[in-house]
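Shown next: start21.txt, given as compact mmCIF, C-alpha atoms.
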# COMPACT_ATOMS: atom_id res chain seq x y z
CA MET A 1063 -17.67 12.22 0.82
CA SER A 1064 -17.81 15.06 3.34
CA ALA A 1065 -20.32 15.36 6.16
CA GLY A 1066 -22.40 17.94 4.23
CA GLU A 1067 -22.76 15.83 1.11
CA SER A 1068 -25.47 13.28 0.62
CA ARG A 1069 -25.20 10.17 -1.44
CA PRO A 1070 -26.95 10.31 -4.80
CA GLN A 1071 -30.25 8.46 -4.68
CA PRO A 1072 -30.61 5.59 -7.13
CA ALA A 1073 -33.21 6.10 -9.83
CA ARG A 1074 -36.67 4.92 -8.84
CA ARG A 1075 -37.56 1.58 -10.37
CA ALA A 1076 -41.22 1.53 -9.34
CA TYR A 1077 -43.95 3.65 -7.81
CA ARG A 1078 -46.90 2.86 -5.56
CA VAL A 1079 -50.39 3.31 -7.02
CA SER A 1080 -50.95 6.39 -4.83
CA GLU A 1081 -47.77 8.01 -6.18
CA VAL A 1082 -48.78 7.41 -9.80
CA ALA A 1083 -52.24 8.81 -9.10
CA ALA A 1084 -50.72 11.95 -7.55
CA MET A 1085 -48.37 12.42 -10.54
CA TYR A 1086 -51.30 12.43 -12.94
CA GLY A 1087 -53.85 14.17 -10.73
CA VAL A 1088 -56.32 11.28 -10.73
CA SER A 1089 -57.70 9.00 -8.04
CA THR A 1090 -56.08 5.77 -7.02
CA ALA A 1091 -59.27 4.05 -8.22
CA THR A 1092 -58.57 5.34 -11.74
CA ILE A 1093 -55.04 3.93 -11.69
CA ARG A 1094 -56.24 0.62 -10.22
CA ALA A 1095 -58.92 0.38 -12.94
CA ALA A 1096 -56.29 1.00 -15.64
CA ILE A 1097 -54.12 -1.71 -14.08
CA ALA A 1098 -57.05 -4.14 -13.96
CA ALA A 1099 -57.83 -3.39 -17.63
CA GLY A 1100 -54.20 -4.05 -18.61
CA ARG A 1101 -53.51 -0.46 -19.70
CA ILE A 1102 -50.85 0.02 -17.02
CA PRO A 1103 -48.54 -2.85 -16.04
CA ALA A 1104 -48.08 -3.51 -12.34
CA ARG A 1105 -46.70 -6.09 -9.94
CA ARG A 1106 -47.87 -7.03 -6.48
CA LEU A 1107 -45.23 -7.24 -3.77
CA GLY A 1108 -47.04 -8.53 -0.72
CA SER A 1109 -49.86 -6.08 -0.11
CA VAL A 1110 -48.26 -3.32 -2.20
CA VAL A 1111 -48.98 -2.80 -5.90
CA LEU A 1112 -46.02 -1.33 -7.77
CA VAL A 1113 -46.00 0.27 -11.20
CA PRO A 1114 -42.62 0.11 -13.00
CA ALA A 1115 -41.02 3.54 -13.52
CA ASP A 1116 -40.64 2.94 -17.26
CA ALA A 1117 -44.40 2.31 -17.48
CA VAL A 1118 -45.08 5.59 -15.68
CA ASP A 1119 -42.78 7.37 -18.13
CA THR A 1120 -44.66 5.95 -21.11
CA ILE A 1121 -48.16 6.79 -19.88
CA GLY A 1122 -47.59 10.11 -21.61
CA VAL A 1123 -50.55 12.45 -21.53
CA PRO A 1124 -52.04 12.54 -18.05
CA MET A 1125 -55.12 10.36 -17.79
CA ARG A 1126 -58.42 11.83 -16.65
CA GLU A 1127 -61.31 10.41 -14.68
CA GLY A 1128 -63.73 8.53 -16.89
CA GLY A 1129 -61.04 7.32 -19.30
CA ARG A 1130 -61.04 10.38 -21.55
Rewritten as structure tokens:
Amino acid sequence: MSAGESRPQPARRAYRVSEVAAMYGVSTATIRAAIAAGRIPARRLGSVVLVPADAVDTIGVPMREGGR
């Protein structure tokens, strides 16, 4: 690998709640409510809540505030 090349980044395996919210244009409270309701799977790692990348991929249509 030459000095100008960068190593390929491994595929993301999980996202923070704030990242998922930004992807879908909703608040973090909306994502946290969906997690609490069991609509989005998540895992806690210390003080960080992580949403698996495959779950983000299957959310599909962006969610909107108010659950509609």
May I ask which of the residues A:Leu1107, A:Ile1102, A:Ala1073, A:Ile1121 is the closest one to A:Tyr1086, counting only C-alpha atoms? A:Ile1121
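Our summary of the geometry notes that atom CA of A:Ala1115 is positioned 19.0 Å from atom CA of A:Ala1091.
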Atom pair atom CA of A:Pro1072 + atom CA of A:Thr1092, distance 28.3 Å
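Taking atom CA of A:Ala1084 and atom CA of A:Leu1112 as the two end points, the separation is 14.1 Å.
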Please, what is the axis-aligned box for every listed atom of stretch 1099-1116 of chain A with 5 Å on each side, as centre and edge lengths in Å to one decimal, as AutoDock Vina command-line options?
--center_x -49.2 --center_y -2.5 --center_z -9.9 --size_x 27.2 --size_y 22.1 --size_z 29.6
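Using all atoms listed in the file, the smallest distance between any of A:Ala1096, A:Val1118, A:Pro1103, A:Ser1068 and A:Glu1081 comes from A:Val1118.
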